[in-house]
$ cat my_file.txt   # compact mmCIF, C-alpha atoms
# COMPACT_ATOMS: atom_id res chain seq x y z
CA MET A 1172 -11.85 20.75 -7.34
CA ARG A 1173 -8.27 20.39 -8.63
CA PHE A 1174 -5.58 18.23 -7.06
CA GLY A 1175 -2.56 16.10 -7.89
CA ALA A 1176 -2.78 12.45 -8.88
CA ALA A 1177 -0.55 9.82 -10.51
CA ILE A 1178 -1.99 8.90 -13.91
CA LEU A 1179 -1.09 5.79 -15.90
CA ARG A 1180 -1.81 6.64 -19.53
CA SER A 1181 -0.66 3.46 -21.27
CA TYR A 1182 0.36 -0.04 -20.29
CA GLU A 1183 3.99 0.71 -21.17
CA SER A 1184 4.36 4.27 -19.82
CA ARG A 1185 5.60 5.52 -16.50
CA PHE A 1186 3.23 7.09 -14.00
CA ALA A 1187 2.92 10.87 -14.35
CA VAL A 1188 1.81 13.08 -11.46
CA GLU A 1189 -0.61 15.56 -12.99
CA GLU A 1190 -3.42 17.88 -12.03
CA VAL A 1191 -6.83 16.23 -12.15
CA ILE A 1192 -10.30 17.72 -11.80
CA LEU A 1193 -13.23 16.49 -9.75
CA ASN A 1194 -16.24 18.22 -11.25
CA THR A 1195 -18.76 17.30 -8.53
CA GLY A 1196 -18.56 16.35 -4.88
CA PRO A 1197 -19.55 13.02 -3.34
CA ALA A 1198 -22.93 11.66 -4.31
CA ASP A 1199 -25.35 10.05 -1.89
CA GLY A 1200 -23.57 7.30 0.03
CA GLU A 1201 -20.10 8.52 -0.90
CA ILE A 1202 -17.35 10.37 0.95
CA LEU A 1203 -14.49 12.62 -0.12
CA VAL A 1204 -11.23 11.62 1.58
CA ARG A 1205 -7.99 13.57 1.79
CA ILE A 1206 -5.44 10.81 1.25
CA ALA A 1207 -2.67 10.66 3.85
CA GLY A 1208 -0.95 7.60 2.39
CA CYS A 1209 -1.57 4.84 -0.13
CA GLY A 1210 0.16 1.48 -0.33
CA MET A 1211 1.39 0.19 -3.67
CA CYS A 1212 0.15 -3.34 -4.31
CA ARG A 1213 1.23 -5.73 -7.04
CA THR A 1214 -2.37 -5.70 -8.26
CA ASP A 1215 -1.83 -2.04 -9.19
CA LEU A 1216 1.29 -2.96 -11.15
CA ALA A 1217 -0.39 -5.96 -12.78
CA VAL A 1218 -2.53 -3.52 -14.79
CA ARG A 1219 0.41 -3.33 -17.18
CA ARG A 1220 -0.10 -7.03 -17.92
CA SER A 1221 -3.90 -6.98 -18.05
CA ALA A 1222 -4.10 -7.38 -21.84
CA GLY A 1223 -6.17 -4.23 -22.19
CA ARG A 1224 -8.94 -5.29 -19.81
CA SER A 1225 -8.32 -2.42 -17.38
CA PRO A 1226 -9.25 0.87 -19.07
CA LEU A 1227 -6.69 3.65 -19.31
CA PRO A 1228 -5.89 6.44 -18.68
CA ALA A 1229 -6.59 5.87 -15.02
CA VAL A 1230 -5.58 6.79 -11.51
CA LEU A 1231 -4.74 3.53 -9.73
CA GLY A 1232 -4.14 2.90 -6.03
CA HIS A 1233 -6.36 0.82 -3.75
CA GLU A 1234 -4.67 0.80 -0.34
CA GLY A 1235 -5.58 4.34 0.68
CA ALA A 1236 -6.11 5.88 4.08
CA GLY A 1237 -6.87 9.42 5.10
CA VAL A 1238 -9.34 11.89 6.58
CA VAL A 1239 -12.97 12.46 5.55
CA VAL A 1240 -13.45 16.04 4.35
CA GLU A 1241 -16.98 15.80 2.90
CA THR A 1242 -19.86 13.34 3.06
CA GLY A 1243 -22.63 12.77 0.55
CA GLY A 1244 -26.08 12.33 2.03
CA PRO A 1245 -27.05 11.66 5.64
CA HIS A 1246 -26.52 7.90 5.73
CA THR A 1247 -22.79 7.37 5.23
CA GLY A 1248 -22.20 6.66 8.93
CA LEU A 1249 -19.12 8.88 8.77
CA SER A 1250 -18.38 12.51 9.60
CA ASN A 1251 -15.93 15.14 8.49
CA GLY A 1252 -12.64 14.64 10.31
CA ASP A 1253 -12.99 10.86 10.68
CA HIS A 1254 -9.84 8.87 9.94
CA VAL A 1255 -10.56 5.99 7.56
CA VAL A 1256 -8.90 3.01 5.93
CA LEU A 1257 -10.18 2.31 2.42
CA SER A 1258 -10.74 -1.23 1.18
CA PHE A 1259 -12.16 -2.99 -1.87
CA ASP A 1260 -15.52 -2.16 -3.48
CA SER A 1261 -18.63 -4.36 -3.36
CA CYS A 1262 -22.26 -3.90 -4.29
CA GLY A 1263 -23.75 -4.66 -0.86
CA ARG A 1264 -26.87 -6.22 -2.45
CA CYS A 1265 -25.94 -9.58 -3.98
CA ARG A 1266 -26.24 -12.89 -2.14
CA ASN A 1267 -22.57 -13.04 -1.18
CA CYS A 1268 -22.50 -9.47 0.12
CA LEU A 1269 -25.60 -10.17 2.19
CA ASP A 1270 -23.92 -13.35 3.48
CA ALA A 1271 -20.98 -11.29 4.82
CA ALA A 1272 -18.67 -12.37 1.97
CA PRO A 1273 -18.07 -9.06 0.14
CA ALA A 1274 -14.80 -10.31 -1.40
CA TYR A 1275 -16.95 -12.69 -3.47
CA CYS A 1276 -19.40 -10.00 -4.54
CA GLY A 1277 -21.04 -10.89 -7.83
CA SER A 1278 -19.81 -7.59 -9.25
CA PHE A 1279 -16.31 -7.72 -7.74
CA ALA A 1280 -14.40 -7.83 -11.03
CA SER A 1281 -16.38 -5.07 -12.71
CA LEU A 1282 -16.34 -2.81 -9.65
CA ASN A 1283 -12.69 -3.23 -8.73
CA LEU A 1284 -10.69 -4.27 -11.77
CA PHE A 1285 -12.37 -3.49 -15.07
CA GLY A 1286 -13.83 -0.04 -14.92
CA GLY A 1287 -15.40 0.61 -11.55
CA ARG A 1288 -18.82 2.05 -10.82
CA LYS A 1289 -20.46 3.74 -13.80
CA GLU A 1290 -22.45 6.27 -11.77
CA ASN A 1291 -21.04 9.79 -12.23
CA ALA A 1292 -18.01 8.35 -13.99
CA ALA A 1293 -17.43 11.42 -16.18
CA ARG A 1294 -16.96 13.78 -13.22
CA PHE A 1295 -13.27 12.80 -12.91
CA THR A 1296 -10.99 14.18 -15.67
CA ASP A 1297 -7.46 15.31 -16.33
CA ALA A 1298 -6.61 19.00 -16.70
CA ALA A 1299 -7.48 18.90 -20.42
CA GLY A 1300 -10.95 17.49 -19.71
CA GLU A 1301 -10.24 13.92 -20.83
CA GLU A 1302 -12.20 11.40 -18.80
CA LEU A 1303 -10.24 9.14 -16.50
CA ALA A 1304 -11.38 5.58 -15.92
CA PRO A 1305 -13.96 5.17 -13.15
CA ARG A 1306 -12.62 4.52 -9.70
CA TRP A 1307 -10.04 1.74 -9.35
CA PHE A 1308 -11.20 -0.52 -6.48
CA GLY A 1309 -13.66 2.23 -5.59
CA GLN A 1310 -10.74 4.54 -4.70
CA SER A 1311 -8.13 5.62 -7.25
CA SER A 1312 -6.06 6.68 -4.26
CA PHE A 1313 -2.69 7.40 -5.87
CA ALA A 1314 -3.86 10.96 -5.40
CA GLU A 1315 -4.32 13.77 -2.93
CA TYR A 1316 -8.07 13.11 -2.70
CA ALA A 1317 -10.40 10.23 -3.48
CA VAL A 1318 -14.18 9.87 -3.77
CA VAL A 1319 -15.14 6.58 -2.19
CA PRO A 1320 -18.36 4.67 -1.45
CA ALA A 1321 -18.78 4.91 2.32
CA ARG A 1322 -19.22 1.14 2.27
CA ASN A 1323 -15.49 0.86 1.38
CA ALA A 1324 -14.31 2.95 4.34
CA VAL A 1325 -13.50 1.70 7.83
CA ARG A 1326 -13.19 4.25 10.64
CA ALA A 1327 -9.80 4.16 12.41
CA ASP A 1328 -8.56 5.38 15.77
CA PRO A 1329 -7.32 8.96 15.18
CA SER A 1330 -4.33 8.33 17.46
CA LEU A 1331 -2.91 5.87 14.88
CA PRO A 1332 -0.53 6.99 12.10
CA VAL A 1333 -3.18 7.17 9.39
CA GLU A 1334 -0.60 7.57 6.60
CA LEU A 1335 0.61 4.00 7.27
CA LEU A 1336 -2.76 2.26 7.59
CA GLY A 1337 -3.73 1.91 3.91
CA PRO A 1338 -2.16 -1.53 3.29
CA LEU A 1339 -4.49 -2.93 5.96
CA GLY A 1340 -7.25 -2.49 3.37
CA CYS A 1341 -5.82 -5.07 0.95
CA GLY A 1342 -2.35 -6.65 1.17
CA PHE A 1343 -2.04 -7.09 4.91
CA LEU A 1344 -5.77 -7.84 5.18
CA THR A 1345 -5.37 -10.62 2.60
CA GLY A 1346 -2.46 -12.34 4.36
CA ALA A 1347 -3.90 -12.06 7.85
CA GLY A 1348 -7.42 -12.93 6.70
CA ALA A 1349 -6.16 -16.06 4.95
CA VAL A 1350 -4.84 -17.27 8.31
CA PHE A 1351 -7.69 -16.14 10.56
CA ASN A 1352 -10.66 -16.64 8.23
CA SER A 1353 -9.96 -18.80 5.19
CA LEU A 1354 -7.72 -21.48 6.72
CA GLY A 1355 -8.62 -21.08 10.38
CA VAL A 1356 -5.07 -21.67 11.60
CA GLY A 1357 -5.06 -22.31 15.35
CA PRO A 1358 -2.76 -23.03 18.31
CA GLY A 1359 -0.33 -25.86 17.62
CA ASP A 1360 -1.20 -26.09 13.92
CA THR A 1361 1.59 -26.35 11.36
CA PHE A 1362 1.62 -23.80 8.54
CA ALA A 1363 3.85 -23.08 5.53
CA VAL A 1364 3.92 -19.76 3.68
CA PHE A 1365 5.35 -19.63 0.17
CA GLY A 1366 6.51 -16.10 -0.68
CA ALA A 1367 7.55 -13.66 2.04
CA GLY A 1368 6.26 -10.47 0.48
CA ALA A 1369 3.64 -8.18 1.99
CA VAL A 1370 0.86 -10.79 1.93
CA GLY A 1371 3.10 -13.65 3.03
CA LEU A 1372 4.69 -11.75 5.90
CA ALA A 1373 1.28 -10.56 7.10
CA ALA A 1374 0.28 -14.24 7.14
CA VAL A 1375 3.42 -15.08 9.15
CA MET A 1376 2.51 -12.41 11.73
CA ALA A 1377 -1.07 -13.66 11.92
CA ALA A 1378 0.09 -17.25 12.32
CA ALA A 1379 2.27 -16.15 15.25
CA VAL A 1380 -0.81 -14.54 16.81
CA SER A 1381 -2.68 -17.83 16.25
CA GLY A 1382 0.02 -19.88 17.96
CA ALA A 1383 1.02 -21.93 14.91
CA VAL A 1384 4.39 -23.43 14.00
CA THR A 1385 5.23 -21.66 10.74
CA VAL A 1386 7.75 -22.22 7.94
CA ALA A 1387 8.36 -19.34 5.51
CA VAL A 1388 9.76 -20.02 2.04
CA ASP A 1389 11.34 -17.32 -0.13
CA ARG A 1390 14.36 -16.71 -2.36
CA HIS A 1391 15.39 -13.38 -0.77
CA SER A 1392 17.56 -13.72 2.33
CA GLU A 1393 16.42 -10.33 3.63
CA ARG A 1394 12.77 -11.39 3.55
CA LEU A 1395 13.57 -14.70 5.19
CA ALA A 1396 15.27 -12.74 7.98
CA LEU A 1397 12.10 -10.72 8.43
CA ALA A 1398 9.99 -13.86 8.52
CA GLU A 1399 12.28 -15.32 11.19
CA ARG A 1400 11.99 -12.13 13.23
CA PHE A 1401 8.22 -12.47 13.10
CA GLY A 1402 8.34 -16.05 14.38
CA ALA A 1403 8.71 -18.29 11.32
CA ILE A 1404 11.32 -20.91 10.48
CA PRO A 1405 13.09 -19.58 7.32
CA LEU A 1406 13.66 -21.90 4.37
CA HIS A 1407 15.20 -20.91 1.05
CA ALA A 1408 13.06 -21.66 -1.99
CA ALA A 1409 16.02 -23.33 -3.72
CA SER A 1410 16.49 -25.87 -0.91
CA THR A 1411 16.93 -29.46 -2.03
CA ASP A 1412 13.74 -31.52 -1.54
CA LEU A 1413 11.73 -28.54 -0.32
CA PRO A 1414 8.59 -30.58 0.51
CA GLY A 1415 10.64 -33.06 2.48
CA ARG A 1416 12.35 -30.30 4.45
CA ILE A 1417 8.98 -28.78 5.33
CA ARG A 1418 7.55 -32.15 6.37
CA GLN A 1419 10.57 -32.62 8.62
CA LEU A 1420 10.22 -29.17 10.17
CA THR A 1421 6.47 -29.60 10.74
CA ASP A 1422 6.53 -33.12 12.21
CA GLY A 1423 5.09 -34.94 9.23
CA GLY A 1424 3.72 -32.15 7.10
CA ALA A 1425 1.94 -28.80 7.29
CA GLN A 1426 -1.77 -28.85 8.05
CA PHE A 1427 -2.12 -25.56 6.18
CA ALA A 1428 -0.16 -23.77 3.48
CA LEU A 1429 -0.50 -20.46 1.67
CA ASP A 1430 1.01 -19.68 -1.71
CA THR A 1431 1.47 -16.04 -2.70
CA THR A 1432 3.78 -16.64 -5.67
CA ALA A 1433 1.62 -18.25 -8.41
CA SER A 1434 4.66 -20.42 -9.22
CA ALA A 1435 3.53 -23.83 -10.48
CA ARG A 1436 6.66 -25.45 -9.01
CA LEU A 1437 6.10 -23.95 -5.57
CA ILE A 1438 2.37 -24.75 -5.61
CA ASN A 1439 3.20 -28.40 -6.27
CA ASP A 1440 5.87 -28.28 -3.56
CA ALA A 1441 3.31 -26.79 -1.17
CA LEU A 1442 0.84 -29.62 -1.88
CA ARG A 1443 3.54 -32.24 -1.34
CA ALA A 1444 4.50 -30.55 1.93
CA LEU A 1445 0.99 -30.97 3.34
CA ARG A 1446 0.05 -33.79 5.65
CA PRO A 1447 -3.01 -35.88 4.66
CA THR A 1448 -6.20 -33.75 4.69
CA GLY A 1449 -4.04 -30.60 4.51
CA HIS A 1450 -5.34 -27.42 2.89
CA LEU A 1451 -3.44 -25.13 0.50
CA GLY A 1452 -4.77 -21.62 -0.17
CA LEU A 1453 -3.79 -19.59 -3.23
CA VAL A 1454 -4.00 -15.79 -3.21
CA ALA A 1455 -2.12 -14.85 -6.39
CA ARG A 1456 -3.92 -14.80 -9.73
CA LEU A 1457 -2.80 -17.60 -12.04
CA HIS A 1458 -1.99 -16.52 -15.60
CA SER A 1459 -1.66 -19.95 -17.18
CA THR A 1460 -2.80 -23.53 -16.72
CA LEU A 1461 -1.67 -25.01 -13.42
CA PRO A 1462 -0.16 -28.47 -13.96
CA LEU A 1463 -0.48 -30.67 -10.87
CA GLU A 1464 2.16 -33.35 -10.48
CA PRO A 1465 0.95 -36.94 -9.96
CA GLY A 1466 0.33 -37.56 -6.29
CA ALA A 1467 0.41 -33.88 -5.31
CA LEU A 1468 -3.34 -33.70 -4.72
CA ASP A 1469 -4.31 -36.90 -2.97
CA ARG A 1470 -4.92 -38.35 0.52
CA GLY A 1471 -7.57 -35.78 1.29
CA ARG A 1472 -5.46 -32.74 0.47
CA LYS A 1473 -7.35 -29.79 -0.98
CA ILE A 1474 -6.62 -26.53 -2.73
CA SER A 1475 -8.72 -23.36 -2.87
CA HIS A 1476 -8.44 -19.77 -4.03
CA ILE A 1477 -8.66 -17.01 -1.43
CA CYS A 1478 -9.82 -13.48 -2.27
CA GLU A 1479 -9.10 -10.59 0.11
CA GLY A 1480 -8.59 -13.01 2.99
CA ASP A 1481 -12.34 -13.79 3.10
CA ALA A 1482 -12.50 -10.57 5.11
CA VAL A 1483 -15.25 -8.24 6.12
CA PRO A 1484 -13.00 -5.15 6.26
CA GLY A 1485 -15.05 -3.44 8.97
CA LEU A 1486 -14.33 -6.38 11.27
CA LEU A 1487 -10.78 -7.40 10.36
CA ILE A 1488 -9.14 -3.98 10.02
CA PRO A 1489 -9.96 -2.94 13.62
CA ARG A 1490 -8.70 -6.33 14.79
CA LEU A 1491 -5.39 -5.76 13.00
CA THR A 1492 -4.92 -2.23 14.34
CA GLY A 1493 -5.66 -3.54 17.83
CA LEU A 1494 -3.03 -6.26 17.40
CA TRP A 1495 -0.56 -3.63 16.14
CA GLN A 1496 -1.19 -1.47 19.20
CA ALA A 1497 -0.53 -4.55 21.35
CA GLY A 1498 2.80 -5.14 19.57
CA ARG A 1499 1.60 -8.38 17.95
CA PHE A 1500 1.16 -7.38 14.30
CA PRO A 1501 4.10 -5.04 13.46
CA PHE A 1502 3.06 -4.30 9.89
CA ASP A 1503 4.80 -0.90 10.00
CA GLU A 1504 8.16 -2.71 9.87
CA LEU A 1505 7.36 -3.77 6.29
CA ILE A 1506 6.71 -0.24 5.04
CA ARG A 1507 8.96 2.25 3.28
CA THR A 1508 7.39 5.58 2.41
CA TYR A 1509 7.88 7.65 -0.75
CA PRO A 1510 6.46 11.00 -1.82
CA LEU A 1511 3.79 10.57 -4.49
CA ALA A 1512 6.12 12.31 -6.93
CA ALA A 1513 8.51 9.35 -6.55
CA ILE A 1514 5.91 6.77 -7.59
CA ASN A 1515 8.07 5.40 -10.41
CA GLU A 1516 10.96 4.86 -8.01
CA ALA A 1517 8.58 3.05 -5.67
CA GLU A 1518 7.42 0.83 -8.53
CA ARG A 1519 11.02 -0.03 -9.49
CA ASP A 1520 11.92 -0.87 -5.90
CA CYS A 1521 8.78 -2.99 -5.53
CA GLU A 1522 9.40 -4.94 -8.73
CA ALA A 1523 13.07 -5.48 -7.80
CA GLY A 1524 12.17 -6.76 -4.33
CA ARG A 1525 14.05 -3.94 -2.59
CA VAL A 1526 10.99 -3.00 -0.55
CA VAL A 1527 8.19 -5.13 0.88
CA LYS A 1528 5.45 -2.51 0.97
CA PRO A 1529 5.87 0.95 -0.58
CA VAL A 1530 3.49 3.59 0.75
CA LEU A 1531 3.04 6.82 -1.21
CA LEU A 1532 2.54 10.07 0.70
CA PRO A 1533 0.69 12.69 -1.41
CA GLU A 1534 1.97 15.62 0.63
CA GLY A 1535 5.56 14.73 -0.14
CA ARG A 1536 6.64 13.45 3.26
CA SER A 1537 8.79 10.33 3.41
CA ARG A 1538 10.74 8.41 5.97
$ encode --input "my_file.txt" --output "structure tokens"
Amino acid sequence: MRFGAAILRSYESRFAVEEVILNTGPADGEILVRIAGCGMCRTDLAVRRSAGRSPLPAVLGHEGAGVVVETGGPHTGLSNGDHVVLSFDSCGRCRNCLDAAPAYCGSFASLNLFGGRKENAARFTDAAGEELAPRWFGQSSFAEYAVVPARNAVRADPSLPVELLGPLGCGFLTGAGAVFNSLGVGPGDTFAVFGAGAVGLAAVMAAAVSGAVTVAVDRHSERLALAERFGAIPLHAASTDLPGRIRQLTDGGAQFALDTTASARLINDALRALRPTGHLGLVARLHSTLPLEPGALDRGRKISHICEGDAVPGLLIPRLTGLWQAGRFPFDELIRTYPLAAINEAERDCEAGRVVKPVLLPEGRSR
């Protein structure tokens, strides 16, 4: 089977849309999905800074959604024609997977970031026969088709715009899950979000659903305007005495905070903005030592890392689509679509902050 896909051949090169070859169909427990749309996440772009740990050449993309066109074996639980949202990979057998914590799968890094599943890896090549790295996050969905473990796929209502649903599998899932699952933000709670990108704005929307008083911090006025539209109090990141301003706006300090920036300054500001016993969650990967200022982590305050919003995708994704249908989680307002052929333009716009969530459409449609 031959189809188009965006290949990253080196850490410095641009993406190139090329013909790729799938030499065999889905194996037992897998499905073949025709991709309708795939979100671009900063984790995809971070491969360029992975110090060689992510093998190339590879087809990236891990926020895919589309239609099942073939199933492998009788036990996938899916049928041809099903609409699906694709999420992260997990083994399904380790203690954390069995405890309904697949984001903390013992094989998460190897399955999703550093090479993918080894089974049948050589079946995916470029037009010249060179092997491409095994599936990125179990998907490699910057492509017209993807072979995916059925475990990664969540059936979606066919009346929904499937081409826009992919970011629910990672970015929007992470922000909303951090609020609903990891932090447990509830009615009347006070909450501060640092960074109003895709994850942060999804958290703002989820906090509005939860009935919290929310402050959103960012340096882009356009993103602060979005946060305000979704129910948050906007606050510029360069504000004088940022922790003090947040404590004032939240009647003594935020009970919960979420940092999506990995900025040491903002993480310390977030800790200082918490009330005693407050909880700060981090979702961005830290690339250096995190210095904590004296007094930032005291009086019962705590800090934890959050992966994929502590989500079970099969439970949270339907909840988010239901909230969207009810007009309470308008994630589509964060999306700008691009044809797959314009992937490098989408990357530039994403890196420059001109778009919150790019979604690539393999068939060339855009809006």
$ closest_atom_pairs --input "my_file.txt" --of "stretch 1319-1423 of chain A" --to "stretch 1456-1479 of chain A" --cutoff "8 Å" --atoms "only C-alpha atoms" --output "tab-separated table"
residue	atom	partner	partner_atom	distance
A:Cys1341	CA	A:Glu1479	CA	6.5
A:Gly1342	CA	A:Glu1479	CA	7.9
A:Leu1344	CA	A:Glu1479	CA	6.7
A:Thr1345	CA	A:Glu1479	CA	4.5
A:Gly1348	CA	A:Glu1479	CA	7.2
A:Ala1349	CA	A:Ile1477	CA	6.9
A:Ser1353	CA	A:Ile1477	CA	7.0
$ write_last_selection --input "my_file.txt" --atoms "C-alpha atoms" --output "CSV table (one decimal), keeping the file's coordinate frame"
chain,number,residue,atom,x,y,z
A,1341,CYS,CA,-5.8,-5.1,1.0
A,1342,GLY,CA,-2.4,-6.6,1.2
A,1344,LEU,CA,-5.8,-7.8,5.2
A,1345,THR,CA,-5.4,-10.6,2.6
A,1348,GLY,CA,-7.4,-12.9,6.7
A,1349,ALA,CA,-6.2,-16.1,5.0
A,1353,SER,CA,-10.0,-18.8,5.2
$ residues_around --input "my_file.txt" --residues "A:Thr1508" --least-positions-apart "2" --cutoff "10 Å" --atoms "all atoms listed in the file" --output "PyMOL selection string"
chain A and resi 1208-1210+1334-1335+1506+1510-1511+1513+1517+1526+1528-1532+1535-1538
$ atom_distance --input "my_file.txt" --atom1 "atom CA of A:Leu1453" --atom2 "atom CA of A:Asp1440"
13.0 Å
$ atom_distance --input "my_file.txt" --atom1 "atom CA of A:Ala1455" --atom2 "atom CA of A:Phe1285"
17.6 Å
$ atom_distance --input "my_file.txt" --atom1 "atom CA of A:Met1172" --atom2 "atom CA of A:Ser1261"
26.3 Å
$ closest_residue --input "my_file.txt" --among "A:Leu1227, A:Leu1339, A:Leu1442, A:Phe1500" --to "A:Ala1379" --atoms "all atoms listed in the file"
A:Phe1500
$ residues_near_point --input "my_file.txt" --point "(4.4, -22.7, 17.5)" --cutoff "9 Å" --atoms "all atoms listed in the file" --output "list in words"
Pro1358, Gly1359, Asp1360, Thr1361, Ala1378, Ala1379, Ser1381, Gly1382, Ala1383, Val1384, Thr1385, Gly1402 and Ala1403 of chain A
$ closest_atom_pairs --input "my_file.txt" --of "stretch 1197-1238 of chain A" --to "stretch 1314-1324 of chain A" --cutoff "7 Å" --atoms "all atoms listed in the file" --output "Markdown table"
| residue | atom | partner | partner_atom | distance |
| --- | --- | --- | --- | --- |
| A:Pro1197 | CA | A:Val1318 | CA | 6.2 |
| A:Gly1200 | CA | A:Ala1321 | CA | 5.8 |
| A:Glu1201 | CA | A:Pro1320 | CA | 4.3 |
| A:Ile1202 | CA | A:Val1319 | CA | 5.4 |
| A:Leu1203 | CA | A:Val1318 | CA | 4.6 |
| A:Val1204 | CA | A:Ala1317 | CA | 5.3 |
| A:Arg1205 | CA | A:Tyr1316 | CA | 4.5 |
| A:Ile1206 | CA | A:Glu1315 | CA | 5.2 |
$ write_last_selection --input "my_file.txt" --atoms "C-alpha atoms" --output "mmCIF file, in the coordinates of the input"
data_model
loop_
_atom_site.group_PDB
_atom_site.id
_atom_site.type_symbol
_atom_site.label_atom_id
_atom_site.label_comp_id
_atom_site.auth_asym_id
_atom_site.auth_seq_id
_atom_site.Cartn_x
_atom_site.Cartn_y
_atom_site.Cartn_z
ATOM 1 C CA PRO A 1197 -19.550 13.020 -3.340
ATOM 2 C CA GLY A 1200 -23.570 7.300 0.030
ATOM 3 C CA GLU A 1201 -20.100 8.520 -0.900
ATOM 4 C CA ILE A 1202 -17.350 10.370 0.950
ATOM 5 C CA LEU A 1203 -14.490 12.620 -0.120
ATOM 6 C CA VAL A 1204 -11.230 11.620 1.580
ATOM 7 C CA ARG A 1205 -7.990 13.570 1.790
ATOM 8 C CA ILE A 1206 -5.440 10.810 1.250
#
$ residues_around --input "my_file.txt" --residues "A:His1391" --least-positions-apart "5" --cutoff "12 Å" --atoms "all atoms listed in the file" --output "PyMOL selection string"
chain A and resi 1365-1368+1396-1398+1405-1409+1523-1527
$ residues_near_point --input "my_file.txt" --point "(6.9, 2.7, -14.9)" --cutoff "6 Å" --atoms "only C-alpha atoms" --output "PyMOL selection string"
chain A and resi 1184-1186+1515
$ decode --input "my_file.txt" --residues "stretch 1208-1251 of chain A" --atoms "C-alpha atoms" --output "PDB file, in the first residue's frame"
ATOM      1  CA  GLY A1208      -6.873  15.198  10.404  1.00  0.00           C
ATOM      2  CA  CYS A1209      -3.896  15.268  12.742  1.00  0.00           C
ATOM      3  CA  GLY A1210      -3.034  17.933  15.283  1.00  0.00           C
ATOM      4  CA  MET A1211       0.508  19.240  15.523  1.00  0.00           C
ATOM      5  CA  CYS A1212       1.773  19.115  19.108  1.00  0.00           C
ATOM      6  CA  ARG A1213       4.920  20.664  20.526  1.00  0.00           C
ATOM      7  CA  THR A1214       6.039  17.144  21.447  1.00  0.00           C
ATOM      8  CA  ASP A1215       6.279  16.439  17.709  1.00  0.00           C
ATOM      9  CA  LEU A1216       8.440  19.528  17.229  1.00  0.00           C
ATOM     10  CA  ALA A1217      10.572  18.740  20.286  1.00  0.00           C
ATOM     11  CA  VAL A1218      12.042  15.790  18.360  1.00  0.00           C
ATOM     12  CA  ARG A1219      14.417  18.326  16.828  1.00  0.00           C
ATOM     13  CA  ARG A1220      15.823  18.934  20.324  1.00  0.00           C
ATOM     14  CA  SER A1221      15.860  15.314  21.471  1.00  0.00           C
ATOM     15  CA  ALA A1222      19.648  14.945  21.263  1.00  0.00           C
ATOM     16  CA  GLY A1223      19.364  11.975  18.930  1.00  0.00           C
ATOM     17  CA  ARG A1224      17.165   9.875  21.212  1.00  0.00           C
ATOM     18  CA  SER A1225      14.249   9.760  18.751  1.00  0.00           C
ATOM     19  CA  PRO A1226      15.284   7.714  15.700  1.00  0.00           C
ATOM     20  CA  LEU A1227      15.057   9.254  12.246  1.00  0.00           C
ATOM     21  CA  PRO A1228      13.935   9.196   9.496  1.00  0.00           C
ATOM     22  CA  ALA A1229      10.426   9.002  10.869  1.00  0.00           C
ATOM     23  CA  VAL A1230       6.832   9.955  10.288  1.00  0.00           C
ATOM     24  CA  LEU A1231       5.707  11.903  13.358  1.00  0.00           C
ATOM     25  CA  GLY A1232       2.206  12.967  14.380  1.00  0.00           C
ATOM     26  CA  HIS A1233       0.305  11.697  17.418  1.00  0.00           C
ATOM     27  CA  GLU A1234      -3.002  13.573  17.465  1.00  0.00           C
ATOM     28  CA  GLY A1235      -4.680  11.693  14.634  1.00  0.00           C
ATOM     29  CA  ALA A1236      -8.325  10.980  13.947  1.00  0.00           C
ATOM     30  CA  GLY A1237     -10.003   9.237  11.060  1.00  0.00           C
ATOM     31  CA  VAL A1238     -11.964   6.249   9.804  1.00  0.00           C
ATOM     32  CA  VAL A1239     -11.141   2.560  10.266  1.00  0.00           C
ATOM     33  CA  VAL A1240     -10.639   0.888   6.881  1.00  0.00           C
ATOM     34  CA  GLU A1241      -9.250  -2.498   7.989  1.00  0.00           C
ATOM     35  CA  THR A1242      -9.009  -4.446  11.232  1.00  0.00           C
ATOM     36  CA  GLY A1243      -6.500  -7.089  12.231  1.00  0.00           C
ATOM     37  CA  GLY A1244      -7.944 -10.096  13.998  1.00  0.00           C
ATOM     38  CA  PRO A1245     -11.382 -10.519  15.543  1.00  0.00           C
ATOM     39  CA  HIS A1246     -10.768  -8.843  18.898  1.00  0.00           C
ATOM     40  CA  THR A1247     -10.096  -5.187  18.109  1.00  0.00           C
ATOM     41  CA  GLY A1248     -13.577  -4.103  19.201  1.00  0.00           C
ATOM     42  CA  LEU A1249     -13.775  -1.897  16.118  1.00  0.00           C
ATOM     43  CA  SER A1250     -15.248  -2.261  12.643  1.00  0.00           C
ATOM     44  CA  ASN A1251     -14.592  -0.848   9.214  1.00  0.00           C
TER      45      ASN A1251
END
